[in-house]
>>> print(open('protein.cif').read())   # mmCIF, C-alpha atoms
data_entry
loop_
_atom_site.label_atom_id
_atom_site.label_comp_id
_atom_site.auth_asym_id
_atom_site.auth_seq_id
_atom_site.Cartn_x
_atom_site.Cartn_y
_atom_site.Cartn_z
CA MET C 1 8.02 3.85 23.84
CA THR C 2 9.35 2.53 20.58
CA VAL C 3 8.03 2.69 17.06
CA ASP C 4 7.12 -0.60 15.46
CA LEU C 5 9.02 -0.51 12.16
CA SER C 6 6.84 -3.25 10.68
CA LEU C 7 3.72 -1.06 10.73
CA ASN C 8 2.64 0.65 7.52
CA TYR C 9 2.67 4.46 7.50
CA PHE C 10 -1.05 4.79 8.20
CA ALA C 11 -0.96 2.36 11.12
CA LEU C 12 2.14 4.09 12.46
CA PHE C 13 0.07 7.22 13.04
CA GLY C 14 -3.09 5.34 14.02
CA LEU C 15 -4.91 6.47 10.86
CA PRO C 16 -7.28 4.40 8.73
CA CYS C 17 -5.63 3.08 5.57
CA GLN C 18 -7.39 5.32 3.03
CA PHE C 19 -6.71 8.25 0.73
CA ASN C 20 -8.74 10.88 2.53
CA ILE C 21 -7.03 11.54 5.83
CA ASP C 22 -7.61 13.83 8.76
CA GLU C 23 -4.63 16.16 8.37
CA THR C 24 -4.91 17.54 11.88
CA ALA C 25 -4.84 14.02 13.29
CA LEU C 26 -1.79 13.28 11.15
CA ASP C 27 0.03 16.40 12.37
CA CYS C 28 -0.79 15.64 16.02
CA ALA C 29 0.27 12.01 15.77
CA TRP C 30 3.50 13.05 14.06
CA HIS C 31 4.39 15.58 16.74
CA ALA C 32 3.66 13.05 19.48
CA LEU C 33 5.76 10.31 17.89
CA GLN C 34 8.55 12.68 17.00
CA ALA C 35 8.81 13.77 20.59
CA GLU C 36 9.13 10.14 21.69
CA VAL C 37 11.85 9.14 19.30
CA HIS C 38 13.74 12.40 18.87
CA PRO C 39 17.51 11.68 19.03
CA ASP C 40 18.02 14.48 21.60
CA ARG C 41 15.96 12.53 24.11
CA HIS C 42 18.33 9.62 23.84
CA ALA C 43 21.57 11.56 23.76
CA HIS C 44 22.78 10.11 27.08
CA GLN C 45 21.87 6.55 26.32
CA PRO C 46 24.08 3.76 25.01
CA ASP C 47 24.98 3.62 21.32
CA ASP C 48 22.54 0.90 20.37
CA VAL C 49 19.60 2.72 21.93
CA ARG C 50 20.59 5.93 20.17
CA ARG C 51 20.92 4.12 16.87
CA ALA C 52 17.50 2.55 17.26
CA ALA C 53 15.97 5.92 18.14
CA MET C 54 17.61 7.47 15.09
CA GLN C 55 16.20 4.74 12.87
CA GLN C 56 12.74 5.23 14.32
CA ALA C 57 12.90 9.01 13.95
CA THR C 58 13.87 8.61 10.29
CA ARG C 59 10.99 6.22 9.72
CA VAL C 60 8.50 8.56 11.40
CA ASN C 61 9.63 11.49 9.25
CA GLU C 62 9.52 9.44 6.06
CA ALA C 63 6.03 8.29 6.91
CA TYR C 64 4.89 11.84 7.63
CA ALA C 65 6.38 13.26 4.43
CA THR C 66 4.67 10.50 2.43
CA LEU C 67 1.21 10.88 3.93
CA LYS C 68 1.29 14.68 4.02
CA LYS C 69 1.47 15.16 0.24
CA PRO C 70 -1.53 13.86 -1.72
CA LEU C 71 0.57 12.59 -4.63
CA ALA C 72 3.03 10.68 -2.43
CA ARG C 73 0.10 9.38 -0.38
CA ALA C 74 -1.69 8.10 -3.48
CA GLN C 75 1.48 6.43 -4.75
CA TYR C 76 2.09 4.80 -1.37
CA LEU C 77 -1.48 3.58 -1.06
CA LEU C 78 -1.45 2.19 -4.61
CA GLU C 79 1.63 0.14 -3.83
CA LEU C 80 0.49 -0.89 -0.35
CA ALA C 81 -3.08 -1.90 -1.15
CA GLY C 82 -3.11 -2.33 -4.92
CA GLY C 83 0.33 -3.76 -5.65
CA ILE C 84 0.90 -0.99 -8.19
CA ASP C 85 4.55 0.01 -8.33
CA ALA C 86 6.53 2.98 -9.65
CA GLN C 87 7.21 1.25 -12.95
CA ARG C 88 3.50 0.91 -13.71
CA LEU C 89 2.99 4.56 -12.78
CA ASN C 90 5.75 5.70 -15.11
CA ALA C 91 4.55 3.58 -18.04
CA ASN C 92 3.66 5.44 -21.19
CA THR C 93 -0.05 4.72 -20.84
CA VAL C 94 -1.46 8.23 -20.53
CA ALA C 95 -4.13 9.06 -23.10
CA SER C 96 -2.74 11.24 -25.88
CA GLU C 97 -5.57 13.78 -25.46
CA TYR C 98 -4.35 14.36 -21.94
CA LEU C 99 -0.76 14.70 -23.14
CA PHE C 100 -1.87 17.29 -25.72
CA GLU C 101 -3.48 19.20 -22.91
CA GLN C 102 -0.24 19.00 -20.94
CA LEU C 103 1.71 20.32 -23.91
CA GLU C 104 -0.67 23.30 -24.09
CA TRP C 105 -0.24 23.91 -20.39
CA ARG C 106 3.53 23.87 -20.68
CA GLU C 107 3.42 26.25 -23.65
CA ALA C 108 1.20 28.61 -21.69
CA VAL C 109 3.54 28.56 -18.68
CA GLU C 110 6.57 29.14 -20.90
CA GLU C 111 4.99 32.05 -22.77
CA THR C 112 3.74 33.67 -19.58
CA ARG C 113 7.13 33.26 -17.99
CA ARG C 114 8.87 34.76 -21.01
CA ALA C 115 6.51 37.75 -20.81
CA ASN C 116 7.42 38.20 -17.12
CA ASP C 117 3.69 38.14 -16.48
CA ALA C 118 3.34 37.36 -12.77
CA ASP C 119 -0.44 37.91 -12.82
CA GLY C 120 -0.76 35.52 -15.73
CA LEU C 121 1.21 32.89 -13.82
CA GLU C 122 -0.98 33.35 -10.75
CA GLN C 123 -4.02 32.80 -12.95
CA LEU C 124 -2.51 29.64 -14.37
CA ALA C 125 -1.74 28.49 -10.83
CA LEU C 126 -5.38 29.06 -9.91
CA ARG C 127 -6.66 27.10 -12.90
CA LEU C 128 -4.22 24.35 -12.08
CA GLN C 129 -5.47 24.23 -8.49
CA ILE C 130 -9.04 23.73 -9.71
CA GLN C 131 -7.94 20.85 -11.97
CA THR C 132 -5.88 19.35 -9.18
CA ASP C 133 -8.79 19.49 -6.73
CA ALA C 134 -11.01 17.67 -9.24
CA ILE C 135 -8.36 14.97 -9.71
CA LEU C 136 -8.03 14.56 -5.93
CA THR C 137 -11.78 14.12 -5.56
CA GLN C 138 -11.69 11.47 -8.27
CA LEU C 139 -8.76 9.72 -6.58
CA ALA C 140 -10.54 9.67 -3.23
CA GLU C 141 -13.44 7.85 -4.88
CA GLN C 142 -11.24 5.39 -6.74
CA LEU C 143 -9.05 4.65 -3.73
CA GLY C 144 -11.95 4.79 -1.32
CA PRO C 145 -15.17 2.82 -1.52
CA ARG C 146 -14.64 1.74 -5.14
CA ARG C 147 -11.15 0.28 -4.63
CA ASP C 148 -10.52 0.55 -8.36
CA PHE C 149 -6.73 0.51 -8.30
CA ASN C 150 -6.22 0.49 -12.06
CA ALA C 151 -8.36 3.55 -12.56
CA ALA C 152 -6.63 5.15 -9.57
CA ALA C 153 -3.24 4.45 -11.17
CA ASP C 154 -4.34 6.29 -14.32
CA THR C 155 -5.59 9.21 -12.27
CA THR C 156 -2.35 9.28 -10.28
CA GLN C 157 -0.38 9.52 -13.52
CA ARG C 158 -2.37 12.65 -14.35
CA LEU C 159 -1.69 14.02 -10.90
CA MET C 160 2.04 13.45 -11.51
CA PHE C 161 1.89 15.73 -14.57
CA LEU C 162 -0.06 18.35 -12.62
CA ASP C 163 2.52 18.17 -9.84
CA LYS C 164 5.26 18.88 -12.37
CA LEU C 165 3.26 21.82 -13.73
CA ARG C 166 2.82 23.19 -10.24
CA ARG C 167 6.58 23.13 -9.72
CA GLN C 168 7.16 24.80 -13.07
CA ILE C 169 4.75 27.60 -12.26
CA ASP C 170 6.38 28.05 -8.84
CA ASP C 171 9.83 28.19 -10.47
CA ALA C 172 8.60 30.73 -12.99
CA LEU C 173 7.10 32.91 -10.25
CA ALA C 174 10.31 32.71 -8.23
CA ALA C 175 12.33 33.68 -11.31
CA ILE C 176 10.17 36.77 -11.84
CA ASP C 177 10.45 37.77 -8.20
CA THR C 178 14.21 37.83 -8.22
CA MET A 1 25.24 15.88 -14.22
CA THR A 2 27.15 16.72 -17.36
CA TYR A 3 25.66 16.33 -20.80
CA SER A 4 27.61 14.94 -23.73
CA ASN A 5 28.60 17.34 -26.51
CA LYS A 6 26.06 15.75 -28.83
CA VAL A 7 23.24 16.31 -26.35
CA LEU A 8 24.33 19.91 -25.89
CA ASP A 9 24.48 20.42 -29.65
CA HIS A 10 20.90 19.19 -30.12
CA TYR A 11 19.76 21.12 -27.09
CA GLU A 12 21.28 24.38 -28.31
CA ASN A 13 20.50 23.84 -32.00
CA PRO A 14 17.39 21.68 -32.05
CA ARG A 15 16.69 20.16 -35.47
CA ASN A 16 13.17 20.39 -36.82
CA ALA A 17 11.62 21.97 -33.74
CA GLY A 18 8.02 23.07 -34.18
CA SER A 19 4.74 21.71 -35.49
CA PHE A 20 2.94 20.82 -38.68
CA SER A 21 -0.73 21.63 -38.95
CA GLN A 22 -2.65 18.54 -37.81
CA ASP A 23 -4.80 18.39 -40.92
CA GLU A 24 -1.99 18.83 -43.43
CA GLU A 25 -1.85 16.02 -46.00
CA GLY A 26 0.23 13.06 -44.81
CA VAL A 27 0.86 14.45 -41.32
CA ALA A 28 0.60 12.14 -38.32
CA THR A 29 1.31 12.84 -34.67
CA GLY A 30 2.75 10.75 -31.85
CA MET A 31 2.26 11.95 -28.28
CA VAL A 32 4.10 10.31 -25.43
CA GLY A 33 4.79 11.22 -21.83
CA ALA A 34 6.73 10.05 -18.80
CA PRO A 35 4.77 10.80 -15.62
CA ALA A 36 7.72 10.39 -13.24
CA CYS A 37 9.74 13.24 -14.74
CA GLY A 38 6.78 15.05 -16.30
CA ASP A 39 8.31 14.95 -19.79
CA VAL A 40 5.94 15.40 -22.72
CA MET A 41 7.08 14.67 -26.28
CA LYS A 42 5.26 15.32 -29.54
CA LEU A 43 6.68 13.86 -32.74
CA GLN A 44 5.08 14.62 -36.09
CA ILE A 45 5.91 12.95 -39.38
CA LYS A 46 4.92 14.02 -42.87
CA VAL A 47 4.58 11.01 -45.13
CA GLY A 48 4.73 11.35 -48.93
CA LYS A 49 2.56 9.51 -51.46
CA ASN A 50 5.35 6.96 -51.88
CA GLY A 51 5.14 6.03 -48.18
CA VAL A 52 8.44 7.69 -47.31
CA ILE A 53 8.74 10.12 -44.40
CA GLU A 54 9.59 13.44 -46.06
CA ASP A 55 9.83 15.64 -43.03
CA ALA A 56 9.43 15.60 -39.25
CA ARG A 57 8.88 18.03 -36.38
CA PHE A 58 9.12 17.73 -32.62
CA LYS A 59 8.08 19.63 -29.56
CA THR A 60 9.36 18.37 -26.24
CA TYR A 61 9.03 19.66 -22.71
CA GLY A 62 11.61 17.88 -20.62
CA CYS A 63 15.28 17.65 -19.80
CA GLY A 64 18.14 18.16 -22.26
CA SER A 65 18.39 14.44 -22.98
CA ALA A 66 14.69 14.22 -23.86
CA ILE A 67 14.98 17.22 -26.17
CA ALA A 68 18.14 15.85 -27.81
CA SER A 69 16.58 12.38 -28.25
CA SER A 70 13.54 13.78 -30.05
CA SER A 71 15.61 16.21 -32.11
CA LEU A 72 17.87 13.35 -33.25
CA VAL A 73 14.90 11.15 -34.11
CA THR A 74 13.44 13.80 -36.44
CA GLU A 75 16.69 13.62 -38.41
CA TRP A 76 16.81 9.85 -38.43
CA VAL A 77 13.24 9.19 -39.60
CA LYS A 78 13.55 11.44 -42.65
CA GLY A 79 13.91 9.46 -45.88
CA LYS A 80 12.74 6.26 -44.22
CA THR A 81 9.59 4.23 -44.88
CA LEU A 82 7.30 3.68 -41.88
CA ASP A 83 8.62 0.15 -41.41
CA GLU A 84 12.20 1.38 -41.57
CA ALA A 85 11.44 4.11 -39.05
CA LEU A 86 10.11 1.48 -36.66
CA THR A 87 13.50 -0.27 -36.66
CA ILE A 88 15.08 2.70 -34.84
CA LYS A 89 15.75 1.48 -31.33
CA ASN A 90 16.33 3.39 -28.13
CA ALA A 91 19.75 1.75 -27.71
CA GLN A 92 20.92 3.41 -30.95
CA ILE A 93 19.64 6.80 -29.79
CA ALA A 94 21.30 6.39 -26.39
CA GLU A 95 24.56 5.35 -28.01
CA GLU A 96 24.60 8.21 -30.51
CA LEU A 97 23.97 10.77 -27.75
CA ALA A 98 26.17 9.00 -25.18
CA LEU A 99 23.31 9.07 -22.67
CA PRO A 100 24.18 7.98 -19.13
CA PRO A 101 22.13 5.09 -17.63
CA VAL A 102 19.84 7.47 -15.69
CA LYS A 103 18.81 9.10 -18.97
CA ILE A 104 18.11 5.95 -20.99
CA HIS A 105 14.38 6.44 -20.38
CA CYS A 106 14.55 9.59 -22.55
CA SER A 107 15.66 7.52 -25.53
CA VAL A 108 12.91 5.00 -24.77
CA LEU A 109 10.41 7.85 -24.87
CA ALA A 110 11.73 8.92 -28.29
CA GLU A 111 11.39 5.37 -29.61
CA ASP A 112 7.83 5.24 -28.25
CA ALA A 113 7.13 8.55 -30.01
CA ILE A 114 8.12 7.09 -33.40
CA ARG A 115 5.79 4.14 -32.84
CA ALA A 116 2.96 6.45 -31.73
CA ALA A 117 3.39 8.64 -34.83
CA VAL A 118 3.45 5.63 -37.18
CA ASP A 119 0.40 4.15 -35.43
CA ASP A 120 -1.42 7.45 -35.84
CA TYR A 121 -0.56 7.57 -39.56
CA ARG A 122 -1.75 4.01 -40.11
CA LYS A 123 -4.94 4.59 -38.16
CA LYS A 124 -5.72 7.68 -40.23
CA HIS A 125 -5.01 5.84 -43.47
CA GLY A 126 -6.79 2.65 -42.60
CA GLU A 127 -3.74 0.43 -42.59
CA LYS A 128 -3.60 -2.46 -40.12
#
>>> encode(input="protein.cif", output="structure tokens")
Amino acid sequence: MTVDLSLNYFALFGLPCQFNIDETALDCAWHALQAEVHPDRHAHQPDDVRRAAMQQATRVNEAYATLKKPLARAQYLLELAGGIDAQRLNANTVASEYLFEQLEWREAVEETRRANDADGLEQLALRLQIQTDAILTQLAEQLGPRRDFNAAADTTQRLMFLDKLRRQIDDALAAIDT
Amino acid sequence: MTYSNKVLDHYENPRNAGSFSQDEEGVATGMVGAPACGDVMKLQIKVGKNGVIEDARFKTYGCGSAIASSSLVTEWVKGKTLDEALTIKNAQIAEELALPPVKIHCSVLAEDAIRAAVDDYRKKHGEK
């Protein structure tokens, strides 16, 4: 079996093209496809077959990595269905109230990190998770039945800031651990 | 990636870091952000009765180039009228700091911050 490289990532795994996905179905489909195209299976075949298998395996892994993470999935879906590209998502169009909030978040993370306060960081992580969940619910509505891609782009920009915060909190926790 | 000496200088000795109180006379605030790298930049200007920017402050969460760009801009806007401040372009910032092409967006963010701060001042004071 070969992987059709012209299929979009959702179709590749036989999933409906929407933001809310069945993660178990995604994992299963990924394992099945990976087994088919894994380079080890084609080790004794001619060069061109091995090259094709390698290309397909790369594509399958890219697709999985994209759909697995909500932010990457939203960005992919925006581009695929809404024609909204990375440039639009990086435009300086985020409401300043939200940016003020982000500044406060970053200050809080920095202060907590400086105080070596692991509990404080865990609390911030928890608060961040609640905010992130709310944003994801909103995104599912905007990218789902409403198909409001402009609103979804704005929401995705917020998710990008929350993703950065998440990484900063993780870094801070790792720095305290060591 | 290596930073230029000028970026390092601003990074290690930031000029005018901090905040003015929002409701201080003549203070206006520009907030900008770049979602892709998660940078957030706050630029505040304090405008005198004569319409000249007397002082400026910045607070930036981002990479060294973003911090240096905003630090530099606080120096450059001082002593300028609002219209003069708006003539500061990202290319000048990038040139002064010798920013590599991948960091040009940091200077763009700093230019946007000036515009946002001037807009905020004019909105508060009923101009335009």
>>> resolve_selection(input="protein.cif", expression="the PyMOL selection byres ((chain A) within 6 of (chain C))", output="list in words")
Met31, Gly33, Ala34, Pro35, Ala36 and Gly38 of chain A
>>> residues_near_point(input="protein.cif", point="(10.1, 18.0, -38.3)", cutoff="6 Å", atoms="all atoms listed in the file", output="list in words")
Asn16, Asp55, Ala56, Arg57, Phe58 and Thr74 of chain A
>>> resolve_selection(input="protein.cif", expression="the PyMOL selection byres ((chain C and resi 82) around 12)", output="count of residues only")
24
>>> resolve_selection(input="protein.cif", expression="the PyMOL selection byres ((chain A and resi 43) around 10)", output="VMD selection string")
chain A and resid 17 to 20 28 to 32 41 to 42 44 to 45 56 to 60 70 to 71 73 to 74 110 112 to 118
>>> residues_around(input="protein.cif", residues="Val3 of chain C", least_positions_apart="4", cutoff="12 Å", atoms="all atoms listed in the file", output="list of chain:residue names")
C:Leu7, C:Asn8, C:Tyr9, C:Ala11, C:Leu12, C:Phe13, C:Gly14, C:Trp30, C:Ala32, C:Leu33, C:Gln34, C:Ala35, C:Glu36, C:Val37, C:His38, C:Ala52, C:Ala53, C:Met54, C:Gln55, C:Gln56, C:Ala57, C:Thr58, C:Arg59, C:Val60, C:Asn61, C:Ala63
>>> atom_distance(input="protein.cif", atom1="atom CA of Ala68 of chain A", atom2="atom CA of Leu8 of chain A")
7.6 Å
>>> closest_residue(input="protein.cif", among="C:Phe10, C:Asp4, C:Leu173, C:Asn20", to="Glu122 of chain C", atoms="all atoms listed in the file")
C:Leu173
>>> atom_distance(input="protein.cif", atom1="atom CA of Arg113 of chain C", atom2="atom CA of Ile176 of chain C")
7.7 Å
>>> atom_distance(input="protein.cif", atom1="atom CA of Ile67 of chain A", atom2="atom CA of Leu97 of chain A")
11.2 Å
>>> closest_residue(input="protein.cif", among="A:Glu111, A:Glu12, A:Asp120, A:Asp23", to="Gly64 of chain A", atoms="only C-alpha atoms")
A:Glu12
>>> residues_around(input="protein.cif", residues="segment 75-92 of chain A", least_positions_apart="6", cutoff="6 Å", atoms="all atoms listed in the file", output="number ranges by chain")
A: 51-55, 107-108, 111
>>> closest_residue(input="protein.cif", among="C:Asp47, C:Gln138, C:Asp177, C:Leu26", to="Asp119 of chain C", atoms="only C-alpha atoms")
C:Asp177
>>> axis_aligned_box(input="protein.cif", around="segment 2-18 of chain A", padding_each_side="3 Å", output="lines of an AutoDock Vina configuration file")
center_x = 18.3
center_y = 19.7
center_z = -27.1
size_x = 26.6
size_y = 15.4
size_z = 25.5
>>> closest_residue(input="protein.cif", among="A:Asp39, A:Tyr61, A:Asn50, A:Ile93", to="Val7 of chain A", atoms="all atoms listed in the file")
A:Ile93
>>> closest_residue(input="protein.cif", among="A:Glu95, A:Cys106, A:Ser65, A:Lys49", to="Glu25 of chain A", atoms="all atoms listed in the file")
A:Lys49
>>> closest_residue(input="protein.cif", among="A:Gly48, A:Ser4, A:His10, A:Asp119", to="Leu99 of chain A", atoms="all atoms listed in the file")
A:Ser4
>>> residues_around(input="protein.cif", residues="Gln123 of chain C", least_positions_apart="5", cutoff="12 Å", atoms="all atoms listed in the file", output="short mmCIF file (atom, residue, chain, number, x, y, z; two decimals) with C-alpha atoms, in the frame of the given file")
data_model
loop_
_atom_site.label_atom_id
_atom_site.label_comp_id
_atom_site.auth_asym_id
_atom_site.auth_seq_id
_atom_site.Cartn_x
_atom_site.Cartn_y
_atom_site.Cartn_z
CA ALA C 108 1.20 28.61 -21.69
CA VAL C 109 3.54 28.56 -18.68
CA THR C 112 3.74 33.67 -19.58
CA ASP C 117 3.69 38.14 -16.48
CA ALA C 118 3.34 37.36 -12.77
CA LEU C 128 -4.22 24.35 -12.08
CA GLN C 129 -5.47 24.23 -8.49
CA ILE C 130 -9.04 23.73 -9.71
CA ILE C 169 4.75 27.60 -12.26
CA LEU C 173 7.10 32.91 -10.25
#
